[in-house]
$ cat structure20.pdb   # PDB, C-alpha atoms, pLDDT in the B column
ATOM      1  CA  GLY M   2     -44.213  20.957 -19.961  1.00 73.00           C
ATOM      2  CA  GLY M   3     -47.326  22.384 -18.277  1.00 83.00           C
ATOM      3  CA  MET M   4     -49.711  20.447 -20.552  1.00 87.00           C
ATOM      4  CA  GLN M   5     -52.698  18.783 -18.903  1.00 87.00           C
ATOM      5  CA  ARG M   6     -52.535  15.001 -19.093  1.00 86.00           C
ATOM      6  CA  SER M   7     -54.953  12.325 -17.979  1.00 87.00           C
ATOM      7  CA  PHE M   8     -54.241   8.656 -17.348  1.00 82.00           C
ATOM      8  CA  ARG M   9     -56.491   5.638 -17.273  1.00 81.00           C
ATOM      9  CA  PHE M  10     -55.527   2.362 -15.612  1.00 73.00           C
ATOM     10  CA  PHE M  11     -57.047  -1.030 -16.310  1.00 66.00           C
ATOM     11  CA  PHE M  12     -56.631  -3.598 -13.533  1.00 60.00           C
ATOM     12  CA  ARG M  13     -56.875  -7.293 -14.296  1.00 57.00           C
ATOM     13  CA  GLY M  14     -57.426 -10.009 -11.725  1.00 55.00           C
ATOM     14  CA  THR M  15     -54.870 -12.770 -12.325  1.00 55.00           C
ATOM     15  CA  GLY M  16     -55.346 -15.174  -9.429  1.00 61.00           C
ATOM     16  CA  TYR M  17     -58.817 -16.480 -10.286  1.00 71.00           C
ATOM     17  CA  ASP M  18     -59.819 -19.808  -8.825  1.00 77.00           C
ATOM     18  CA  GLU M  19     -60.810 -22.225 -11.617  1.00 81.00           C
ATOM     19  CA  LYS M  20     -64.005 -23.369  -9.865  1.00 85.00           C
ATOM     20  CA  MET M  21     -65.045 -19.739  -9.429  1.00 85.00           C
ATOM     21  CA  VAL M  22     -64.439 -18.946 -13.130  1.00 87.00           C
ATOM     22  CA  ARG M  23     -66.471 -21.976 -14.188  1.00 91.00           C
ATOM     23  CA  GLU M  24     -69.350 -20.929 -11.932  1.00 91.00           C
ATOM     24  CA  LEU M  25     -69.324 -17.262 -13.002  1.00 90.00           C
ATOM     25  CA  GLU M  26     -69.025 -18.061 -16.712  1.00 92.00           C
ATOM     26  CA  GLY M  27     -71.642 -20.849 -16.742  1.00 94.00           C
ATOM     27  CA  LEU M  28     -69.177 -23.623 -17.618  1.00 94.00           C
ATOM     28  CA  GLU M  29     -69.415 -27.262 -16.557  1.00 94.00           C
ATOM     29  CA  ALA M  30     -67.549 -28.232 -13.364  1.00 91.00           C
ATOM     30  CA  SER M  31     -63.811 -28.960 -13.344  1.00 82.00           C
ATOM     31  CA  GLY M  32     -64.259 -32.676 -14.204  1.00 85.00           C
ATOM     32  CA  SER M  33     -65.687 -31.647 -17.590  1.00 91.00           C
ATOM     33  CA  THR M  34     -64.434 -32.992 -20.925  1.00 92.00           C
ATOM     34  CA  TYR M  35     -63.947 -29.317 -21.813  1.00 93.00           C
ATOM     35  CA  VAL M  36     -60.901 -28.954 -19.660  1.00 89.00           C
ATOM     36  CA  CYS M  37     -60.010 -25.303 -20.232  1.00 87.00           C
ATOM     37  CA  THR M  38     -61.676 -22.059 -19.132  1.00 87.00           C
ATOM     38  CA  LEU M  39     -59.749 -20.137 -21.817  1.00 85.00           C
ATOM     39  CA  CYS M  40     -60.382 -22.211 -24.962  1.00 88.00           C
ATOM     40  CA  ASP M  41     -62.629 -24.968 -26.367  1.00 91.00           C
ATOM     41  CA  SER M  42     -60.051 -27.726 -26.062  1.00 89.00           C
ATOM     42  CA  THR M  43     -61.236 -31.117 -24.808  1.00 91.00           C
ATOM     43  CA  ARG M  44     -59.242 -33.288 -22.432  1.00 88.00           C
ATOM     44  CA  ALA M  45     -58.207 -35.587 -25.304  1.00 89.00           C
ATOM     45  CA  GLU M  46     -57.137 -32.688 -27.546  1.00 88.00           C
ATOM     46  CA  ALA M  47     -55.187 -31.050 -24.722  1.00 82.00           C
ATOM     47  CA  SER M  48     -53.260 -34.257 -23.980  1.00 80.00           C
ATOM     48  CA  LYS M  49     -52.132 -34.461 -27.630  1.00 82.00           C
ATOM     49  CA  ASN M  50     -51.317 -30.766 -27.963  1.00 76.00           C
ATOM     50  CA  MET M  51     -49.919 -29.123 -24.847  1.00 65.00           C
ATOM     51  CA  VAL M  52     -48.365 -26.071 -26.511  1.00 66.00           C
ATOM     52  CA  LEU M  53     -50.316 -24.479 -29.353  1.00 69.00           C
ATOM     53  CA  HIS M  54     -53.343 -22.981 -27.634  1.00 72.00           C
ATOM     54  CA  SER M  55     -54.824 -19.498 -27.838  1.00 78.00           C
ATOM     55  CA  ILE M  56     -57.475 -17.774 -25.728  1.00 81.00           C
ATOM     56  CA  THR M  57     -60.752 -18.125 -27.624  1.00 86.00           C
ATOM     57  CA  ARG M  58     -63.506 -18.111 -24.992  1.00 88.00           C
ATOM     58  CA  SER M  59     -65.288 -14.871 -24.136  1.00 90.00           C
ATOM     59  CA  HIS M  60     -68.158 -13.846 -21.874  1.00 91.00           C
ATOM     60  CA  CYS M  61     -70.344 -12.776 -24.833  1.00 93.00           C
ATOM     61  CA  GLU M  62     -69.788 -16.084 -26.602  1.00 94.00           C
ATOM     62  CA  ASN M  63     -70.607 -17.997 -23.407  1.00 95.00           C
ATOM     63  CA  LEU M  64     -73.920 -16.080 -23.193  1.00 95.00           C
ATOM     64  CA  GLU M  65     -74.734 -16.926 -26.838  1.00 95.00           C
ATOM     65  CA  ARG M  66     -73.884 -20.584 -26.244  1.00 96.00           C
ATOM     66  CA  TYR M  67     -76.103 -20.664 -23.163  1.00 96.00           C
ATOM     67  CA  GLU M  68     -79.052 -19.463 -25.260  1.00 95.00           C
ATOM     68  CA  ILE M  69     -78.354 -22.251 -27.777  1.00 96.00           C
ATOM     69  CA  TRP M  70     -78.122 -24.747 -24.880  1.00 95.00           C
ATOM     70  CA  ARG M  71     -81.445 -23.488 -23.503  1.00 94.00           C
ATOM     71  CA  LYS M  72     -83.408 -23.324 -26.772  1.00 95.00           C
ATOM     72  CA  ASN M  73     -81.753 -26.101 -28.842  1.00 95.00           C
ATOM     73  CA  PRO M  74     -82.714 -24.318 -32.104  1.00 94.00           C
ATOM     74  CA  PHE M  75     -81.353 -27.104 -34.350  1.00 93.00           C
ATOM     75  CA  SER M  76     -83.205 -29.904 -32.482  1.00 94.00           C
ATOM     76  CA  GLU M  77     -79.984 -31.784 -31.791  1.00 93.00           C
ATOM     77  CA  SER M  78     -79.396 -34.713 -29.460  1.00 94.00           C
ATOM     78  CA  ALA M  79     -77.919 -34.048 -25.990  1.00 92.00           C
ATOM     79  CA  ASP M  80     -74.404 -35.059 -27.134  1.00 92.00           C
ATOM     80  CA  GLU M  81     -74.551 -32.960 -30.316  1.00 94.00           C
ATOM     81  CA  LEU M  82     -75.853 -29.961 -28.384  1.00 94.00           C
ATOM     82  CA  ARG M  83     -73.132 -30.308 -25.748  1.00 92.00           C
ATOM     83  CA  ASP M  84     -70.499 -30.462 -28.475  1.00 93.00           C
ATOM     84  CA  ARG M  85     -71.927 -27.298 -30.065  1.00 95.00           C
ATOM     85  CA  VAL M  86     -71.847 -25.236 -26.825  1.00 95.00           C
ATOM     86  CA  LYS M  87     -68.427 -26.583 -25.703  1.00 94.00           C
ATOM     87  CA  GLY M  88     -69.214 -27.137 -22.025  1.00 93.00           C
ATOM     88  CA  VAL M  89     -71.498 -24.144 -21.320  1.00 95.00           C
ATOM     89  CA  SER M  90     -74.359 -25.463 -19.194  1.00 92.00           C
ATOM     90  CA  ALA M  91     -75.642 -22.490 -17.148  1.00 94.00           C
ATOM     91  CA  LYS M  92     -76.203 -18.779 -17.623  1.00 94.00           C
ATOM     92  CA  PRO M  93     -72.934 -16.796 -17.240  1.00 93.00           C
ATOM     93  CA  PHE M  94     -73.661 -13.993 -14.780  1.00 90.00           C
ATOM     94  CA  MET M  95     -70.335 -12.209 -14.382  1.00 87.00           C
ATOM     95  CA  GLU M  96     -67.484 -11.565 -16.803  1.00 86.00           C
ATOM     96  CA  THR M  97     -63.986 -12.718 -15.840  1.00 80.00           C
ATOM     97  CA  GLN M  98     -60.876 -11.577 -17.688  1.00 73.00           C
ATOM     98  CA  PRO M  99     -59.249 -14.559 -19.437  1.00 65.00           C
ATOM     99  CA  THR M 100     -56.082 -14.952 -17.379  1.00 65.00           C
ATOM    100  CA  LEU M 101     -54.099 -17.676 -15.646  1.00 66.00           C
ATOM    101  CA  ASP M 102     -55.869 -18.891 -12.521  1.00 68.00           C
ATOM    102  CA  ALA M 103     -54.196 -19.271  -9.128  1.00 72.00           C
ATOM    103  CA  LEU M 104     -53.953 -23.069  -9.393  1.00 76.00           C
ATOM    104  CA  HIS M 105     -51.992 -22.895 -12.650  1.00 76.00           C
ATOM    105  CA  CYS M 106     -49.728 -20.172 -11.221  1.00 81.00           C
ATOM    106  CA  ASP M 107     -48.861 -22.686  -8.480  1.00 86.00           C
ATOM    107  CA  ILE M 108     -48.337 -25.496 -10.999  1.00 87.00           C
ATOM    108  CA  GLY M 109     -46.099 -23.298 -13.190  1.00 87.00           C
ATOM    109  CA  ASN M 110     -43.976 -22.217 -10.229  1.00 91.00           C
ATOM    110  CA  ALA M 111     -43.658 -25.752  -8.858  1.00 93.00           C
ATOM    111  CA  THR M 112     -42.617 -27.082 -12.302  1.00 92.00           C
ATOM    112  CA  GLU M 113     -39.748 -24.575 -12.420  1.00 93.00           C
ATOM    113  CA  PHE M 114     -38.638 -25.271  -8.856  1.00 95.00           C
ATOM    114  CA  TYR M 115     -38.804 -29.030  -9.390  1.00 95.00           C
ATOM    115  CA  LYS M 116     -36.160 -28.497 -12.127  1.00 93.00           C
ATOM    116  CA  ILE M 117     -34.087 -26.219  -9.868  1.00 95.00           C
ATOM    117  CA  PHE M 118     -34.172 -28.821  -7.061  1.00 96.00           C
ATOM    118  CA  GLN M 119     -32.908 -31.525  -9.449  1.00 94.00           C
ATOM    119  CA  ASP M 120     -30.140 -29.259 -10.755  1.00 94.00           C
ATOM    120  CA  GLU M 121     -29.004 -28.387  -7.223  1.00 95.00           C
ATOM    121  CA  ILE M 122     -28.891 -32.044  -6.180  1.00 94.00           C
ATOM    122  CA  GLY M 123     -26.704 -32.790  -9.231  1.00 93.00           C
ATOM    123  CA  GLU M 124     -24.600 -29.588  -8.853  1.00 92.00           C
ATOM    124  CA  VAL M 125     -25.392 -28.710 -12.452  1.00 90.00           C
ATOM    125  CA  PHE M 126     -23.638 -25.332 -12.051  1.00 89.00           C
ATOM    126  CA  LEU M 127     -20.313 -27.250 -12.155  1.00 87.00           C
ATOM    127  CA  LYS M 128     -21.204 -29.152 -15.355  1.00 81.00           C
ATOM    128  CA  SER M 129     -21.557 -27.635 -18.804  1.00 76.00           C
ATOM    129  CA  ASN M 130     -23.718 -30.308 -20.436  1.00 84.00           C
ATOM    130  CA  PRO M 131     -24.977 -33.112 -18.143  1.00 86.00           C
ATOM    131  CA  SER M 132     -26.086 -36.342 -19.806  1.00 90.00           C
ATOM    132  CA  ARG M 133     -29.677 -37.541 -19.810  1.00 90.00           C
ATOM    133  CA  GLU M 134     -28.645 -40.428 -17.568  1.00 92.00           C
ATOM    134  CA  GLU M 135     -27.272 -38.007 -14.953  1.00 92.00           C
ATOM    135  CA  SER M 136     -30.446 -35.901 -15.051  1.00 91.00           C
ATOM    136  CA  ARG M 137     -32.544 -39.026 -14.603  1.00 93.00           C
ATOM    137  CA  ARG M 138     -30.435 -40.016 -11.587  1.00 94.00           C
ATOM    138  CA  TRP M 139     -30.930 -36.602  -9.930  1.00 94.00           C
ATOM    139  CA  ARG M 140     -34.668 -36.732 -10.533  1.00 94.00           C
ATOM    140  CA  SER M 141     -34.818 -40.218  -9.054  1.00 95.00           C
ATOM    141  CA  ALA M 142     -32.953 -39.012  -5.932  1.00 96.00           C
ATOM    142  CA  LEU M 143     -35.372 -36.076  -5.570  1.00 96.00           C
ATOM    143  CA  ASP M 144     -38.460 -38.287  -5.977  1.00 96.00           C
ATOM    144  CA  LYS M 145     -37.091 -40.802  -3.484  1.00 96.00           C
ATOM    145  CA  GLN M 146     -36.440 -38.075  -0.882  1.00 96.00           C
ATOM    146  CA  LEU M 147     -39.908 -36.522  -1.341  1.00 96.00           C
ATOM    147  CA  ARG M 148     -41.538 -39.934  -0.984  1.00 95.00           C
ATOM    148  CA  LYS M 149     -39.488 -40.734   2.134  1.00 95.00           C
ATOM    149  CA  LYS M 150     -39.892 -37.395   3.936  1.00 94.00           C
ATOM    150  CA  LEU M 151     -43.315 -36.185   2.741  1.00 94.00           C
ATOM    151  CA  LYS M 152     -45.011 -39.388   1.510  1.00 93.00           C
ATOM    152  CA  LEU M 153     -45.228 -37.573  -1.844  1.00 93.00           C
ATOM    153  CA  LYS M 154     -45.464 -40.008  -4.771  1.00 93.00           C
ATOM    154  CA  PRO M 155     -43.804 -39.058  -8.095  1.00 91.00           C
ATOM    155  CA  VAL M 156     -46.123 -37.786 -10.852  1.00 89.00           C
ATOM    156  CA  MET M 157     -45.736 -37.922 -14.622  1.00 86.00           C
ATOM    157  CA  ARG M 158     -47.056 -34.388 -15.017  1.00 84.00           C
ATOM    158  CA  MET M 159     -47.249 -31.655 -12.384  1.00 88.00           C
ATOM    159  CA  ASN M 160     -50.679 -31.336 -10.775  1.00 88.00           C
ATOM    160  CA  GLY M 161     -52.169 -28.989  -8.174  1.00 87.00           C
ATOM    161  CA  ASN M 162     -51.870 -31.261  -5.140  1.00 92.00           C
ATOM    162  CA  PHE M 163     -48.244 -32.158  -5.869  1.00 94.00           C
ATOM    163  CA  ALA M 164     -47.420 -28.478  -6.553  1.00 93.00           C
ATOM    164  CA  ARG M 165     -48.911 -27.331  -3.241  1.00 92.00           C
ATOM    165  CA  ARG M 166     -46.998 -29.975  -1.262  1.00 94.00           C
ATOM    166  CA  LEU M 167     -43.728 -29.351  -3.125  1.00 95.00           C
ATOM    167  CA  MET M 168     -43.780 -25.607  -2.445  1.00 94.00           C
ATOM    168  CA  THR M 169     -43.706 -25.878   1.355  1.00 94.00           C
ATOM    169  CA  ARG M 170     -40.936 -25.286   3.907  1.00 94.00           C
ATOM    170  CA  GLU M 171     -41.059 -28.962   4.856  1.00 95.00           C
ATOM    171  CA  ALA M 172     -40.359 -30.026   1.257  1.00 95.00           C
ATOM    172  CA  VAL M 173     -37.565 -27.474   0.786  1.00 95.00           C
ATOM    173  CA  GLU M 174     -35.832 -28.605   3.984  1.00 95.00           C
ATOM    174  CA  ALA M 175     -36.044 -32.215   2.755  1.00 95.00           C
ATOM    175  CA  VAL M 176     -34.571 -31.243  -0.641  1.00 96.00           C
ATOM    176  CA  SER M 177     -31.797 -29.135   0.914  1.00 95.00           C
ATOM    177  CA  GLU M 178     -30.509 -32.252   2.719  1.00 95.00           C
ATOM    178  CA  LEU M 179     -29.486 -33.612  -0.706  1.00 95.00           C
ATOM    179  CA  VAL M 180     -27.676 -30.451  -1.862  1.00 94.00           C
ATOM    180  CA  PRO M 181     -23.928 -31.191  -1.421  1.00 93.00           C
ATOM    181  CA  SER M 182     -22.644 -27.602  -1.184  1.00 91.00           C
ATOM    182  CA  GLU M 183     -23.452 -25.674   1.990  1.00 93.00           C
ATOM    183  CA  GLU M 184     -23.234 -22.364   0.117  1.00 94.00           C
ATOM    184  CA  ARG M 185     -25.770 -23.549  -2.492  1.00 94.00           C
ATOM    185  CA  ARG M 186     -27.978 -24.971   0.254  1.00 94.00           C
ATOM    186  CA  GLU M 187     -28.122 -21.575   1.968  1.00 95.00           C
ATOM    187  CA  ALA M 188     -28.857 -19.834  -1.339  1.00 95.00           C
ATOM    188  CA  LEU M 189     -31.700 -22.277  -2.079  1.00 96.00           C
ATOM    189  CA  LEU M 190     -33.216 -21.767   1.386  1.00 96.00           C
ATOM    190  CA  LYS M 191     -32.947 -17.986   0.948  1.00 96.00           C
ATOM    191  CA  LEU M 192     -34.634 -18.164  -2.477  1.00 96.00           C
ATOM    192  CA  MET M 193     -37.494 -20.238  -1.083  1.00 96.00           C
ATOM    193  CA  ASP M 194     -37.850 -18.004   1.973  1.00 96.00           C
ATOM    194  CA  LEU M 195     -38.397 -15.026  -0.362  1.00 96.00           C
ATOM    195  CA  TYR M 196     -40.953 -17.089  -2.299  1.00 95.00           C
ATOM    196  CA  PHE M 197     -42.876 -17.911   0.885  1.00 95.00           C
ATOM    197  CA  GLN M 198     -42.907 -14.238   1.888  1.00 95.00           C
ATOM    198  CA  MET M 199     -44.282 -13.181  -1.514  1.00 93.00           C
ATOM    199  CA  LYS M 200     -46.831 -15.962  -2.031  1.00 91.00           C
ATOM    200  CA  PRO M 201     -49.564 -14.660   0.370  1.00 90.00           C
ATOM    201  CA  VAL M 202     -49.666 -11.384  -1.598  1.00 88.00           C
ATOM    202  CA  TRP M 203     -50.590 -12.919  -4.955  1.00 81.00           C
ATOM    203  CA  ARG M 204     -52.819 -15.601  -3.401  1.00 81.00           C
ATOM    204  CA  SER M 205     -54.913 -13.052  -1.489  1.00 82.00           C
ATOM    205  CA  SER M 206     -57.913 -11.193  -2.904  1.00 77.00           C
ATOM    206  CA  PHE M 207     -57.261  -8.309  -0.470  1.00 85.00           C
ATOM    207  CA  PRO M 208     -53.513  -8.276   0.313  1.00 87.00           C
ATOM    208  CA  ALA M 209     -53.663  -4.823   1.963  1.00 91.00           C
ATOM    209  CA  ARG M 210     -56.063  -6.256   4.517  1.00 92.00           C
ATOM    210  CA  ASP M 211     -54.869  -9.873   4.759  1.00 92.00           C
ATOM    211  CA  CYS M 212     -51.070  -9.490   4.689  1.00 92.00           C
ATOM    212  CA  PRO M 213     -50.059  -5.795   4.880  1.00 94.00           C
ATOM    213  CA  ASP M 214     -46.495  -6.546   6.071  1.00 94.00           C
ATOM    214  CA  GLN M 215     -45.744  -8.882   3.165  1.00 94.00           C
ATOM    215  CA  LEU M 216     -47.322  -6.368   0.773  1.00 93.00           C
ATOM    216  CA  CYS M 217     -44.995  -3.589   2.012  1.00 93.00           C
ATOM    217  CA  ARG M 218     -41.956  -5.829   1.455  1.00 94.00           C
ATOM    218  CA  TYR M 219     -43.194  -7.319  -1.825  1.00 92.00           C
ATOM    219  CA  SER M 220     -41.324  -4.997  -4.208  1.00 91.00           C
ATOM    220  CA  TYR M 221     -38.017  -5.429  -2.356  1.00 94.00           C
ATOM    221  CA  ASN M 222     -38.501  -9.203  -2.007  1.00 94.00           C
ATOM    222  CA  SER M 223     -39.325  -9.642  -5.692  1.00 91.00           C
ATOM    223  CA  GLN M 224     -36.147  -7.765  -6.709  1.00 92.00           C
ATOM    224  CA  GLN M 225     -34.058  -9.911  -4.356  1.00 94.00           C
ATOM    225  CA  PHE M 226     -35.768 -13.028  -5.730  1.00 94.00           C
ATOM    226  CA  ALA M 227     -35.056 -12.017  -9.346  1.00 91.00           C
ATOM    227  CA  ASP M 228     -31.422 -11.146  -8.554  1.00 92.00           C
ATOM    228  CA  LEU M 229     -30.863 -14.480  -6.839  1.00 93.00           C
ATOM    229  CA  LEU M 230     -32.463 -16.426  -9.705  1.00 90.00           C
ATOM    230  CA  SER M 231     -30.490 -14.610 -12.408  1.00 90.00           C
ATOM    231  CA  THR M 232     -27.102 -14.814 -10.641  1.00 91.00           C
ATOM    232  CA  THR M 233     -26.842 -17.846  -8.343  1.00 91.00           C
ATOM    233  CA  PHE M 234     -29.317 -20.024 -10.242  1.00 88.00           C
TER     234      PHE M 234
END
$ encode --input "structure20.pdb" --output "structure tokens"
Amino acid sequence: GGMQRSFRFFFRGTGYDEKMVRELEGLEASGSTYVCTLCDSTRAEASKNMVLHSITRSHCENLERYEIWRKNPFSESADELRDRVKGVSAKPFMETQPTLDALHCDIGNATEFYKIFQDEIGEVFLKSNPSREESRRWRSALDKQLRKKLKLKPVMRMNGNFARRLMTREAVEAVSELVPSEERREALLKLMDLYFQMKPVWRSSFPARDCPDQLCRYSYNSQQFADLLSTTF
């Protein structure tokens, strides 16, 4: 109504590489017992509790812990000191926003699509409540096909390497061979084609420079992708 208004936008990077975050925030390398860049959880704790975590690490706290690591004010042993600083071993020199890194975006997406692939093989859209035995049979068929066509061994829990191999055109073509319905096969290929068109945009640090065409189509593709997921799948 003619009133002056001002707006402020805060942009957050969401596709951080884990190794980069560890380097910038002074954390031990990715093989560390302290497995998470967002909280103090150890590998053993994380394997027992995979759900109830909250973001507790911060740049300021990492700086304080580095000073403790450097000075050892309580004259503790190396193991006690390491436990106190929770995996901080170098001076943090740049703050990163605590968000999901690119690797875990890939793992999350692949986990969902692994379920979709199983459901399509078993034509779950025709069944109201499939038994556990049926689900196990579909998973076995999927694993067997991936091993045969891509030399991809089954994993107990989704990891980065498996996720990257699963989310490729080669893998999707192999999976589509097991989908009985031609209509569903085409829908699955269309869904994955949209995914492959969108992926370079969120994986790139400079999408306007690296993939301008995909960036222009991103909004349209994401709407198509969401529509297809919510209706067909």
$ closest_atom_pairs --input "structure20.pdb" --of "stretch 195-219 of chain M" --to "stretch 162-185 of chain M" --cutoff "12 Å" --atoms "only C-alpha atoms" --output "JSON lines"
{"residue": "M:Leu195", "atom": "CA", "partner": "M:Arg170", "partner_atom": "CA", "distance": 11.4}
{"residue": "M:Tyr196", "atom": "CA", "partner": "M:Met168", "partner_atom": "CA", "distance": 9.0}
{"residue": "M:Phe197", "atom": "CA", "partner": "M:Thr169", "partner_atom": "CA", "distance": 8.0}
{"residue": "M:Gln198", "atom": "CA", "partner": "M:Arg170", "partner_atom": "CA", "distance": 11.4}
{"residue": "M:Lys200", "atom": "CA", "partner": "M:Met168", "partner_atom": "CA", "distance": 10.1}
$ residues_around --input "structure20.pdb" --residues "stretch 213-220 of chain M" --least-positions-apart "2" --cutoff "10 Å" --atoms "only C-alpha atoms" --output "ChimeraX atom specification"
/M:195,197-203,207-211,222-226
$ residues_near_point --input "structure20.pdb" --point "(-42.6, -25.8, -11.3)" --cutoff "12 Å" --atoms "only C-alpha atoms" --output "PyMOL selection string"
chain M and resi 104-119+158-161+163-168
$ closest_residue --input "structure20.pdb" --among "M:Leu229, M:Met157, M:Ala79, M:Leu143" --to "M:Glu187" --atoms "all atoms listed in the file"
M:Leu229
$ closest_atom_pairs --input "structure20.pdb" --of "stretch 40-138 of chain M" --to "stretch 15-24 of chain M" --cutoff "12 Å" --atoms "all atoms listed in the file" --output "JSON lines"
{"residue": "M:Arg58", "atom": "CA", "partner": "M:Arg23", "partner_atom": "CA", "distance": 11.9}
{"residue": "M:Ser59", "atom": "CA", "partner": "M:Val22", "partner_atom": "CA", "distance": 11.8}
{"residue": "M:His60", "atom": "CA", "partner": "M:Val22", "partner_atom": "CA", "distance": 10.8}
{"residue": "M:Asn63", "atom": "CA", "partner": "M:Arg23", "partner_atom": "CA", "distance": 10.9}
{"residue": "M:Gly88", "atom": "CA", "partner": "M:Arg23", "partner_atom": "CA", "distance": 9.8}
{"residue": "M:Val89", "atom": "CA", "partner": "M:Arg23", "partner_atom": "CA", "distance": 9.0}
{"residue": "M:Ser90", "atom": "CA", "partner": "M:Glu24", "partner_atom": "CA", "distance": 9.9}
{"residue": "M:Ala91", "atom": "CA", "partner": "M:Glu24", "partner_atom": "CA", "distance": 8.3}
{"residue": "M:Lys92", "atom": "CA", "partner": "M:Glu24", "partner_atom": "CA", "distance": 9.2}
{"residue": "M:Pro93", "atom": "CA", "partner": "M:Glu24", "partner_atom": "CA", "distance": 7.6}
{"residue": "M:Phe94", "atom": "CA", "partner": "M:Glu24", "partner_atom": "CA", "distance": 8.6}
{"residue": "M:Met95", "atom": "CA", "partner": "M:Val22", "partner_atom": "CA", "distance": 9.0}
{"residue": "M:Glu96", "atom": "CA", "partner": "M:Val22", "partner_atom": "CA", "distance": 8.8}
{"residue": "M:Thr97", "atom": "CA", "partner": "M:Val22", "partner_atom": "CA", "distance": 6.8}
{"residue": "M:Gln98", "atom": "CA", "partner": "M:Thr15", "partner_atom": "CA", "distance": 8.1}
{"residue": "M:Pro99", "atom": "CA", "partner": "M:Thr15", "partner_atom": "CA", "distance": 8.5}
{"residue": "M:Thr100", "atom": "CA", "partner": "M:Thr15", "partner_atom": "CA", "distance": 5.6}
{"residue": "M:Leu101", "atom": "CA", "partner": "M:Thr15", "partner_atom": "CA", "distance": 6.0}
{"residue": "M:Asp102", "atom": "CA", "partner": "M:Tyr17", "partner_atom": "CA", "distance": 4.4}
{"residue": "M:Ala103", "atom": "CA", "partner": "M:Gly16", "partner_atom": "CA", "distance": 4.3}
{"residue": "M:Leu104", "atom": "CA", "partner": "M:Asp18", "partner_atom": "CA", "distance": 6.7}
{"residue": "M:His105", "atom": "CA", "partner": "M:Glu19", "partner_atom": "CA", "distance": 8.9}
{"residue": "M:Cys106", "atom": "CA", "partner": "M:Gly16", "partner_atom": "CA", "distance": 7.7}
{"residue": "M:Asp107", "atom": "CA", "partner": "M:Gly16", "partner_atom": "CA", "distance": 10.0}
$ resolve_selection --input "structure20.pdb" --expression "the PyMOL selection byres ((chain M and resi 35) around 12)" --output "PyMOL selection string"
chain M and resi 23+28-34+36-48+58+83-90
$ atom_distance --input "structure20.pdb" --atom1 "atom CA of M:Leu127" --atom2 "atom CA of M:Arg186"
14.8 Å
$ residues_around --input "structure20.pdb" --residues "M:Asp144" --least-positions-apart "2" --cutoff "8 Å" --atoms "all atoms listed in the file" --output "short mmCIF file (atom, residue, chain, number, x, y, z; two decimals) with C-alpha atoms, in the coordinates of the input"
data_model
loop_
_atom_site.label_atom_id
_atom_site.label_comp_id
_atom_site.auth_asym_id
_atom_site.auth_seq_id
_atom_site.Cartn_x
_atom_site.Cartn_y
_atom_site.Cartn_z
CA ARG M 140 -34.67 -36.73 -10.53
CA SER M 141 -34.82 -40.22 -9.05
CA ALA M 142 -32.95 -39.01 -5.93
CA GLN M 146 -36.44 -38.08 -0.88
CA LEU M 147 -39.91 -36.52 -1.34
CA ARG M 148 -41.54 -39.93 -0.98
CA LEU M 153 -45.23 -37.57 -1.84
CA LYS M 154 -45.46 -40.01 -4.77
CA PRO M 155 -43.80 -39.06 -8.10
#
$ atom_distance --input "structure20.pdb" --atom1 "atom CA of M:Asp194" --atom2 "atom CA of M:Glu135"
28.3 Å
